[in-house]
Amino acid sequence: MKLAIVALGAAVTAVSGCAARTSVLPKDYGGPTAVIADSTYNYSSRKSDFYYVDAIDGRPVLNALDRTVSANRGNGFGQHVVDANRLVEPRPTVFHIVGSTHYAAPILAMAGTSYYVDGDVKFSPVAGAAYIVMGSLGPDYSAVWIQNKDTRVQMGNKLLIKGAAEAGPLKKTREPEQVPPTG
């Protein structure tokens, strides 16, 4: 069900040109910021795993998957991945993060294996710091988390699914385990 909602959301975003995605910072904000970047793992020009911020405090935000889908519309079986990052306020924040397999064309997705994990991560970014959404997707382990880009320290909980986290119309999305930072 959750995957169907995600697919519907992606279709609405594609039709609306990402109009539903809101600005992250308040209008006329001039205070300190931190940056959070999305990341990808590219298997080929046809398939990539995306690790991204999908919403901040419940508000959808533009991300690497949105930008990639938009930039590659009409390119057939090939895609060029487009990066994304965003400035955020240094305050307690809820980030909805996602790890998801994406294919350049729907027919490739039907023939391939896709993985999906998502959930909320809470932490307070530090002004001037840089963070990155990281992850790993596979048949035995799928996870997504945010880490400090320089120190590689995990920020907030890691969202982890042990075992299959396959996505698809006949697959049920499993709730991830919340794994706190170590140390």
# chains A, B, ... in the order shown; residues from 1 in each chain; ligands from 1

call {"tool": "residues_around", "arguments": {"residues": "segment 91-108 of chain A", "least_positions_apart": "4", "cutoff": "9 Å", "atoms": "only C-alpha atoms", "output": "PyMOL selection string"}}
result
chain A and resi 45-58+60+65+69+72+75-80+112-127+133-137+142-146+159+167

call {"tool": "select_by_dssp", "arguments": {"residues": "segment 10-97 of chain A", "states": "strand (DSSP E or B)", "output": "PDB file with all heavy atoms, in the first residue's frame"}}
result
ATOM      1  N   ALA A  34      22.579  24.773   7.957  1.00  0.00           N
ATOM      2  CA  ALA A  34      23.379  23.569   7.702  1.00  0.00           C
ATOM      3  C   ALA A  34      22.915  23.069   6.342  1.00  0.00           C
ATOM      4  O   ALA A  34      21.907  23.528   5.812  1.00  0.00           O
ATOM      5  CB  ALA A  34      23.131  22.513   8.774  1.00  0.00           C
ATOM      6  N   VAL A  35      23.652  22.133   5.752  1.00  0.00           N
ATOM      7  CA  VAL A  35      23.259  21.587   4.450  1.00  0.00           C
ATOM      8  C   VAL A  35      23.111  20.071   4.566  1.00  0.00           C
ATOM      9  O   VAL A  35      23.892  19.416   5.257  1.00  0.00           O
ATOM     10  CB  VAL A  35      24.262  21.970   3.331  1.00  0.00           C
ATOM     11  CG1 VAL A  35      25.626  21.347   3.563  1.00  0.00           C
ATOM     12  CG2 VAL A  35      23.726  21.597   1.965  1.00  0.00           C
ATOM     13  N   ILE A  36      22.077  19.537   3.924  1.00  0.00           N
ATOM     14  CA  ILE A  36      21.876  18.085   3.857  1.00  0.00           C
ATOM     15  C   ILE A  36      21.781  17.698   2.391  1.00  0.00           C
ATOM     16  O   ILE A  36      20.921  18.200   1.662  1.00  0.00           O
ATOM     17  CB  ILE A  36      20.624  17.627   4.619  1.00  0.00           C
ATOM     18  CG1 ILE A  36      20.750  17.990   6.100  1.00  0.00           C
ATOM     19  CG2 ILE A  36      20.408  16.126   4.445  1.00  0.00           C
ATOM     20  CD1 ILE A  36      19.593  17.539   6.949  1.00  0.00           C
ATOM     21  N   ALA A  37      22.668  16.804   1.965  1.00  0.00           N
ATOM     22  CA  ALA A  37      22.723  16.353   0.572  1.00  0.00           C
ATOM     23  C   ALA A  37      22.150  14.948   0.450  1.00  0.00           C
ATOM     24  O   ALA A  37      22.249  14.130   1.368  1.00  0.00           O
ATOM     25  CB  ALA A  37      24.165  16.366   0.074  1.00  0.00           C
ATOM     26  N   SER A  39      22.241  11.261  -1.747  1.00  0.00           N
ATOM     27  CA  SER A  39      23.305  10.494  -2.395  1.00  0.00           C
ATOM     28  C   SER A  39      22.696   9.395  -3.265  1.00  0.00           C
ATOM     29  O   SER A  39      21.509   9.083  -3.143  1.00  0.00           O
ATOM     30  CB  SER A  39      24.269   9.895  -1.364  1.00  0.00           C
ATOM     31  OG  SER A  39      23.639   8.886  -0.598  1.00  0.00           O
ATOM     32  N   THR A  40      23.514   8.847  -4.138  1.00  0.00           N
ATOM     33  CA  THR A  40      23.065   7.775  -5.032  1.00  0.00           C
ATOM     34  C   THR A  40      24.161   6.738  -5.191  1.00  0.00           C
ATOM     35  O   THR A  40      25.339   7.017  -4.975  1.00  0.00           O
ATOM     36  CB  THR A  40      22.704   8.304  -6.437  1.00  0.00           C
ATOM     37  OG1 THR A  40      23.850   8.953  -6.991  1.00  0.00           O
ATOM     38  CG2 THR A  40      21.546   9.273  -6.392  1.00  0.00           C
ATOM     39  N   TYR A  41      23.739   5.548  -5.560  1.00  0.00           N
ATOM     40  CA  TYR A  41      24.666   4.511  -6.003  1.00  0.00           C
ATOM     41  C   TYR A  41      24.197   4.109  -7.395  1.00  0.00           C
ATOM     42  O   TYR A  41      23.063   3.655  -7.561  1.00  0.00           O
ATOM     43  CB  TYR A  41      24.657   3.297  -5.072  1.00  0.00           C
ATOM     44  CG  TYR A  41      25.604   2.227  -5.544  1.00  0.00           C
ATOM     45  CD1 TYR A  41      26.962   2.305  -5.247  1.00  0.00           C
ATOM     46  CD2 TYR A  41      25.153   1.179  -6.331  1.00  0.00           C
ATOM     47  CE1 TYR A  41      27.843   1.338  -5.709  1.00  0.00           C
ATOM     48  CE2 TYR A  41      26.025   0.214  -6.804  1.00  0.00           C
ATOM     49  CZ  TYR A  41      27.369   0.295  -6.487  1.00  0.00           C
ATOM     50  OH  TYR A  41      28.238  -0.652  -6.951  1.00  0.00           O
ATOM     51  N   ASN A  42      25.043   4.325  -8.391  1.00  0.00           N
ATOM     52  CA  ASN A  42      24.660   4.064  -9.778  1.00  0.00           C
ATOM     53  C   ASN A  42      25.202   2.714 -10.239  1.00  0.00           C
ATOM     54  O   ASN A  42      26.412   2.514 -10.302  1.00  0.00           O
ATOM     55  CB  ASN A  42      25.199   5.178 -10.681  1.00  0.00           C
ATOM     56  CG  ASN A  42      24.676   6.526 -10.255  1.00  0.00           C
ATOM     57  OD1 ASN A  42      23.486   6.692 -10.077  1.00  0.00           O
ATOM     58  ND2 ASN A  42      25.563   7.477 -10.063  1.00  0.00           N
ATOM     59  N   LYS A  47      19.889   2.023 -13.937  1.00  0.00           N
ATOM     60  CA  LYS A  47      19.438   1.706 -12.584  1.00  0.00           C
ATOM     61  C   LYS A  47      20.329   2.385 -11.549  1.00  0.00           C
ATOM     62  O   LYS A  47      21.547   2.336 -11.644  1.00  0.00           O
ATOM     63  CB  LYS A  47      19.487   0.190 -12.374  1.00  0.00           C
ATOM     64  CG  LYS A  47      19.144  -0.269 -10.966  1.00  0.00           C
ATOM     65  CD  LYS A  47      19.323  -1.768 -10.819  1.00  0.00           C
ATOM     66  CE  LYS A  47      19.116  -2.220  -9.390  1.00  0.00           C
ATOM     67  NZ  LYS A  47      19.403  -3.645  -9.212  1.00  0.00           N
ATOM     68  N   SER A  48      19.673   2.992 -10.553  1.00  0.00           N
ATOM     69  CA  SER A  48      20.395   3.632  -9.445  1.00  0.00           C
ATOM     70  C   SER A  48      19.617   3.444  -8.156  1.00  0.00           C
ATOM     71  O   SER A  48      18.391   3.318  -8.169  1.00  0.00           O
ATOM     72  CB  SER A  48      20.560   5.133  -9.703  1.00  0.00           C
ATOM     73  OG  SER A  48      21.271   5.383 -10.882  1.00  0.00           O
ATOM     74  N   ASP A  49      20.328   3.454  -7.041  1.00  0.00           N
ATOM     75  CA  ASP A  49      19.705   3.515  -5.729  1.00  0.00           C
ATOM     76  C   ASP A  49      19.819   4.958  -5.251  1.00  0.00           C
ATOM     77  O   ASP A  49      20.898   5.560  -5.329  1.00  0.00           O
ATOM     78  CB  ASP A  49      20.398   2.591  -4.731  1.00  0.00           C
ATOM     79  CG  ASP A  49      20.097   1.123  -4.980  1.00  0.00           C
ATOM     80  OD1 ASP A  49      19.098   0.814  -5.657  1.00  0.00           O
ATOM     81  OD2 ASP A  49      20.869   0.268  -4.487  1.00  0.00           O
ATOM     82  N   PHE A  50      18.707   5.517  -4.766  1.00  0.00           N
ATOM     83  CA  PHE A  50      18.654   6.892  -4.288  1.00  0.00           C
ATOM     84  C   PHE A  50      18.443   6.896  -2.781  1.00  0.00           C
ATOM     85  O   PHE A  50      17.608   6.141  -2.267  1.00  0.00           O
ATOM     86  CB  PHE A  50      17.495   7.647  -4.950  1.00  0.00           C
ATOM     87  CG  PHE A  50      17.745   8.024  -6.372  1.00  0.00           C
ATOM     88  CD1 PHE A  50      17.606   7.091  -7.385  1.00  0.00           C
ATOM     89  CD2 PHE A  50      18.143   9.308  -6.708  1.00  0.00           C
ATOM     90  CE1 PHE A  50      17.839   7.424  -8.712  1.00  0.00           C
ATOM     91  CE2 PHE A  50      18.388   9.658  -8.024  1.00  0.00           C
ATOM     92  CZ  PHE A  50      18.242   8.717  -9.028  1.00  0.00           C
ATOM     93  N   TYR A  51      19.164   7.772  -2.090  1.00  0.00           N
ATOM     94  CA  TYR A  51      19.029   7.973  -0.648  1.00  0.00           C
ATOM     95  C   TYR A  51      18.790   9.463  -0.467  1.00  0.00           C
ATOM     96  O   TYR A  51      19.675  10.270  -0.766  1.00  0.00           O
ATOM     97  CB  TYR A  51      20.287   7.506   0.080  1.00  0.00           C
ATOM     98  CG  TYR A  51      20.657   6.085  -0.306  1.00  0.00           C
ATOM     99  CD1 TYR A  51      21.662   5.837  -1.231  1.00  0.00           C
ATOM    100  CD2 TYR A  51      19.961   5.002   0.221  1.00  0.00           C
ATOM    101  CE1 TYR A  51      21.979   4.540  -1.623  1.00  0.00           C
ATOM    102  CE2 TYR A  51      20.269   3.708  -0.159  1.00  0.00           C
ATOM    103  CZ  TYR A  51      21.280   3.479  -1.078  1.00  0.00           C
ATOM    104  OH  TYR A  51      21.577   2.201  -1.459  1.00  0.00           O
ATOM    105  N   TYR A  52      17.589   9.835   0.007  1.00  0.00           N
ATOM    106  CA  TYR A  52      17.230  11.253  -0.056  1.00  0.00           C
ATOM    107  C   TYR A  52      16.267  11.676   1.048  1.00  0.00           C
ATOM    108  O   TYR A  52      15.588  10.857   1.663  1.00  0.00           O
ATOM    109  CB  TYR A  52      16.618  11.573  -1.420  1.00  0.00           C
ATOM    110  CG  TYR A  52      15.392  10.774  -1.788  1.00  0.00           C
ATOM    111  CD1 TYR A  52      14.111  11.256  -1.514  1.00  0.00           C
ATOM    112  CD2 TYR A  52      15.498   9.535  -2.421  1.00  0.00           C
ATOM    113  CE1 TYR A  52      12.983  10.536  -1.859  1.00  0.00           C
ATOM    114  CE2 TYR A  52      14.370   8.807  -2.773  1.00  0.00           C
ATOM    115  CZ  TYR A  52      13.120   9.316  -2.485  1.00  0.00           C
ATOM    116  OH  TYR A  52      12.001   8.592  -2.826  1.00  0.00           O
ATOM    117  N   VAL A  53      16.233  13.001   1.263  1.00  0.00           N
ATOM    118  CA  VAL A  53      15.246  13.616   2.145  1.00  0.00           C
ATOM    119  C   VAL A  53      14.001  13.849   1.311  1.00  0.00           C
ATOM    120  O   VAL A  53      14.049  14.507   0.277  1.00  0.00           O
ATOM    121  CB  VAL A  53      15.761  14.960   2.723  1.00  0.00           C
ATOM    122  CG1 VAL A  53      14.668  15.633   3.550  1.00  0.00           C
ATOM    123  CG2 VAL A  53      17.016  14.758   3.557  1.00  0.00           C
ATOM    124  N   ASP A  54      12.876  13.289   1.745  1.00  0.00           N
ATOM    125  CA  ASP A  54      11.614  13.427   1.027  1.00  0.00           C
ATOM    126  C   ASP A  54      10.729  14.518   1.632  1.00  0.00           C
ATOM    127  O   ASP A  54       9.946  15.139   0.926  1.00  0.00           O
ATOM    128  CB  ASP A  54      10.864  12.091   1.034  1.00  0.00           C
ATOM    129  CG  ASP A  54       9.682  12.078   0.096  1.00  0.00           C
ATOM    130  OD1 ASP A  54       9.851  12.449  -1.077  1.00  0.00           O
ATOM    131  OD2 ASP A  54       8.579  11.707   0.558  1.00  0.00           O
ATOM    132  N   ALA A  55      10.861  14.731   2.951  1.00  0.00           N
ATOM    133  CA  ALA A  55      10.062  15.763   3.619  1.00  0.00           C
ATOM    134  C   ALA A  55      10.802  16.235   4.867  1.00  0.00           C
ATOM    135  O   ALA A  55      11.570  15.486   5.472  1.00  0.00           O
ATOM    136  CB  ALA A  55       8.687  15.225   4.000  1.00  0.00           C
ATOM    137  N   ILE A  56      10.555  17.489   5.232  1.00  0.00           N
ATOM    138  CA  ILE A  56      11.129  18.069   6.441  1.00  0.00           C
ATOM    139  C   ILE A  56       9.976  18.619   7.263  1.00  0.00           C
ATOM    140  O   ILE A  56       9.197  19.443   6.777  1.00  0.00           O
ATOM    141  CB  ILE A  56      12.153  19.173   6.108  1.00  0.00           C
ATOM    142  CG1 ILE A  56      13.326  18.557   5.332  1.00  0.00           C
ATOM    143  CG2 ILE A  56      12.627  19.871   7.380  1.00  0.00           C
ATOM    144  CD1 ILE A  56      14.360  19.564   4.850  1.00  0.00           C
ATOM    145  N   ARG A  59       6.697  18.574   5.477  1.00  0.00           N
ATOM    146  CA  ARG A  59       6.558  19.303   4.205  1.00  0.00           C
ATOM    147  C   ARG A  59       7.436  18.645   3.148  1.00  0.00           C
ATOM    148  O   ARG A  59       8.654  18.550   3.316  1.00  0.00           O
ATOM    149  CB  ARG A  59       6.976  20.758   4.374  1.00  0.00           C
ATOM    150  CG  ARG A  59       6.100  21.538   5.332  1.00  0.00           C
ATOM    151  CD  ARG A  59       6.602  22.958   5.458  1.00  0.00           C
ATOM    152  NE  ARG A  59       8.058  22.954   5.498  1.00  0.00           N
ATOM    153  CZ  ARG A  59       8.805  23.723   6.258  1.00  0.00           C
ATOM    154  NH1 ARG A  59       8.255  24.586   7.049  1.00  0.00           N
ATOM    155  NH2 ARG A  59      10.113  23.653   6.233  1.00  0.00           N
ATOM    156  N   PRO A  60       6.847  18.201   2.032  1.00  0.00           N
ATOM    157  CA  PRO A  60       7.641  17.587   0.953  1.00  0.00           C
ATOM    158  C   PRO A  60       8.694  18.557   0.416  1.00  0.00           C
ATOM    159  O   PRO A  60       8.449  19.760   0.320  1.00  0.00           O
ATOM    160  CB  PRO A  60       6.609  17.277  -0.126  1.00  0.00           C
ATOM    161  CG  PRO A  60       5.296  17.299   0.564  1.00  0.00           C
ATOM    162  CD  PRO A  60       5.422  18.275   1.691  1.00  0.00           C
ATOM    163  N   ASN A  85      20.680  18.969  -2.836  1.00  0.00           N
ATOM    164  CA  ASN A  85      20.930  19.256  -1.431  1.00  0.00           C
ATOM    165  C   ASN A  85      20.063  20.437  -1.045  1.00  0.00           C
ATOM    166  O   ASN A  85      19.478  21.091  -1.893  1.00  0.00           O
ATOM    167  CB  ASN A  85      22.420  19.500  -1.154  1.00  0.00           C
ATOM    168  CG  ASN A  85      22.964  20.681  -1.902  1.00  0.00           C
ATOM    169  OD1 ASN A  85      22.432  21.793  -1.808  1.00  0.00           O
ATOM    170  ND2 ASN A  85      24.017  20.477  -2.668  1.00  0.00           N
ATOM    171  N   ARG A  86      19.972  20.669   0.249  1.00  0.00           N
ATOM    172  CA  ARG A  86      19.142  21.761   0.711  1.00  0.00           C
ATOM    173  C   ARG A  86      19.711  22.350   1.991  1.00  0.00           C
ATOM    174  O   ARG A  86      20.319  21.636   2.790  1.00  0.00           O
ATOM    175  CB  ARG A  86      17.689  21.321   0.918  1.00  0.00           C
ATOM    176  CG  ARG A  86      17.450  20.499   2.112  1.00  0.00           C
ATOM    177  CD  ARG A  86      17.033  19.053   1.970  1.00  0.00           C
ATOM    178  NE  ARG A  86      16.705  18.482   0.712  1.00  0.00           N
ATOM    179  CZ  ARG A  86      17.407  17.470   0.180  1.00  0.00           C
ATOM    180  NH1 ARG A  86      18.476  16.987   0.786  1.00  0.00           N
ATOM    181  NH2 ARG A  86      17.050  16.947  -0.950  1.00  0.00           N
ATOM    182  N   LEU A  87      19.505  23.660   2.165  1.00  0.00           N
ATOM    183  CA  LEU A  87      19.874  24.341   3.399  1.00  0.00           C
ATOM    184  C   LEU A  87      18.753  24.144   4.403  1.00  0.00           C
ATOM    185  O   LEU A  87      17.571  24.199   4.050  1.00  0.00           O
ATOM    186  CB  LEU A  87      20.094  25.832   3.149  1.00  0.00           C
ATOM    187  CG  LEU A  87      21.262  26.192   2.234  1.00  0.00           C
ATOM    188  CD1 LEU A  87      21.283  27.697   1.971  1.00  0.00           C
ATOM    189  CD2 LEU A  87      22.584  25.732   2.824  1.00  0.00           C
ATOM    190  N   VAL A  88      19.123  23.907   5.664  1.00  0.00           N
ATOM    191  CA  VAL A  88      18.143  23.716   6.730  1.00  0.00           C
ATOM    192  C   VAL A  88      18.530  24.551   7.935  1.00  0.00           C
ATOM    193  O   VAL A  88      19.698  24.895   8.122  1.00  0.00           O
ATOM    194  CB  VAL A  88      18.013  22.224   7.131  1.00  0.00           C
ATOM    195  CG1 VAL A  88      17.471  21.392   5.977  1.00  0.00           C
ATOM    196  CG2 VAL A  88      19.332  21.664   7.629  1.00  0.00           C
ATOM    197  N   THR A  93      14.553  18.899  14.223  1.00  0.00           N
ATOM    198  CA  THR A  93      13.831  18.729  12.969  1.00  0.00           C
ATOM    199  C   THR A  93      13.529  17.252  12.724  1.00  0.00           C
ATOM    200  O   THR A  93      14.316  16.389  13.092  1.00  0.00           O
ATOM    201  CB  THR A  93      14.669  19.290  11.794  1.00  0.00           C
ATOM    202  OG1 THR A  93      15.046  20.637  12.096  1.00  0.00           O
ATOM    203  CG2 THR A  93      13.906  19.273  10.493  1.00  0.00           C
ATOM    204  N   VAL A  94      12.400  16.986  12.067  1.00  0.00           N
ATOM    205  CA  VAL A  94      12.052  15.626  11.642  1.00  0.00           C
ATOM    206  C   VAL A  94      12.271  15.551  10.131  1.00  0.00           C
ATOM    207  O   VAL A  94      11.654  16.284   9.367  1.00  0.00           O
ATOM    208  CB  VAL A  94      10.589  15.281  11.980  1.00  0.00           C
ATOM    209  CG1 VAL A  94      10.236  13.893  11.440  1.00  0.00           C
ATOM    210  CG2 VAL A  94      10.346  15.358  13.472  1.00  0.00           C
ATOM    211  N   PHE A  95      13.175  14.667   9.732  1.00  0.00           N
ATOM    212  CA  PHE A  95      13.479  14.443   8.316  1.00  0.00           C
ATOM    213  C   PHE A  95      12.882  13.102   7.903  1.00  0.00           C
ATOM    214  O   PHE A  95      13.188  12.074   8.506  1.00  0.00           O
ATOM    215  CB  PHE A  95      14.993  14.405   8.091  1.00  0.00           C
ATOM    216  CG  PHE A  95      15.680  15.683   8.456  1.00  0.00           C
ATOM    217  CD1 PHE A  95      16.230  15.852   9.719  1.00  0.00           C
ATOM    218  CD2 PHE A  95      15.782  16.723   7.550  1.00  0.00           C
ATOM    219  CE1 PHE A  95      16.868  17.031  10.063  1.00  0.00           C
ATOM    220  CE2 PHE A  95      16.409  17.901   7.880  1.00  0.00           C
ATOM    221  CZ  PHE A  95      16.961  18.066   9.143  1.00  0.00           C
ATOM    222  N   HIS A  96      12.029  13.104   6.885  1.00  0.00           N
ATOM    223  CA  HIS A  96      11.526  11.843   6.336  1.00  0.00           C
ATOM    224  C   HIS A  96      12.500  11.454   5.228  1.00  0.00           C
ATOM    225  O   HIS A  96      12.632  12.163   4.229  1.00  0.00           O
ATOM    226  CB  HIS A  96      10.105  11.969   5.780  1.00  0.00           C
ATOM    227  CG  HIS A  96       9.549  10.650   5.382  1.00  0.00           C
ATOM    228  ND1 HIS A  96       8.976   9.787   6.291  1.00  0.00           N
ATOM    229  CD2 HIS A  96       9.516  10.009   4.190  1.00  0.00           C
ATOM    230  CE1 HIS A  96       8.606   8.685   5.673  1.00  0.00           C
ATOM    231  NE2 HIS A  96       8.922   8.787   4.398  1.00  0.00           N
ATOM    232  N   ILE A  97      13.222  10.351   5.440  1.00  0.00           N
ATOM    233  CA  ILE A  97      14.249   9.938   4.479  1.00  0.00           C
ATOM    234  C   ILE A  97      13.854   8.629   3.819  1.00  0.00           C
ATOM    235  O   ILE A  97      13.085   7.833   4.373  1.00  0.00           O
ATOM    236  CB  ILE A  97      15.642   9.840   5.132  1.00  0.00           C
ATOM    237  CG1 ILE A  97      15.670   8.825   6.278  1.00  0.00           C
ATOM    238  CG2 ILE A  97      16.091  11.223   5.607  1.00  0.00           C
ATOM    239  CD1 ILE A  97      17.062   8.599   6.859  1.00  0.00           C
TER     240      ILE A  97
END

call {"tool": "closest_residue", "arguments": {"among": "A:Ile132, A:Val24, A:Ala84, A:Glu177", "to": "Lys158 of chain A", "atoms": "only C-alpha atoms"}}
result
A:Glu177

call {"tool": "atom_distance", "arguments": {"atom1": "atom CA of Asp66 of chain A", "atom2": "atom CA of Ala130 of chain A"}}
result
21.2 Å

call {"tool": "atom_distance", "arguments": {"atom1": "atom CA of Tyr141 of chain A", "atom2": "atom CA of Ala129 of chain A"}}
result
28.9 Å

call {"tool": "atom_distance", "arguments": {"atom1": "atom CA of Pro176 of chain A", "atom2": "atom CA of Asp140 of chain A"}}
result
13.2 Å

call {"tool": "closest_atom_pairs", "arguments": {"of": "segment 80-150 of chain A", "to": "segment 29-32 of chain A", "cutoff": "8 Å", "atoms": "only C-alpha atoms", "output": "CSV"}}
result
residue,atom,partner,partner_atom,distance
A:Glu89,CA,A:Pro32,CA,6.6
A:Pro90,CA,A:Pro32,CA,6.9
A:Ala127,CA,A:Pro32,CA,5.6
A:Gly128,CA,A:Pro32,CA,7.2

call {"tool": "select_by_dssp", "arguments": {"residues": "segment 50-82 of chain A", "states": "alpha helix (DSSP H)", "output": "PyMOL selection string"}}
result
chain A and resi 64-71
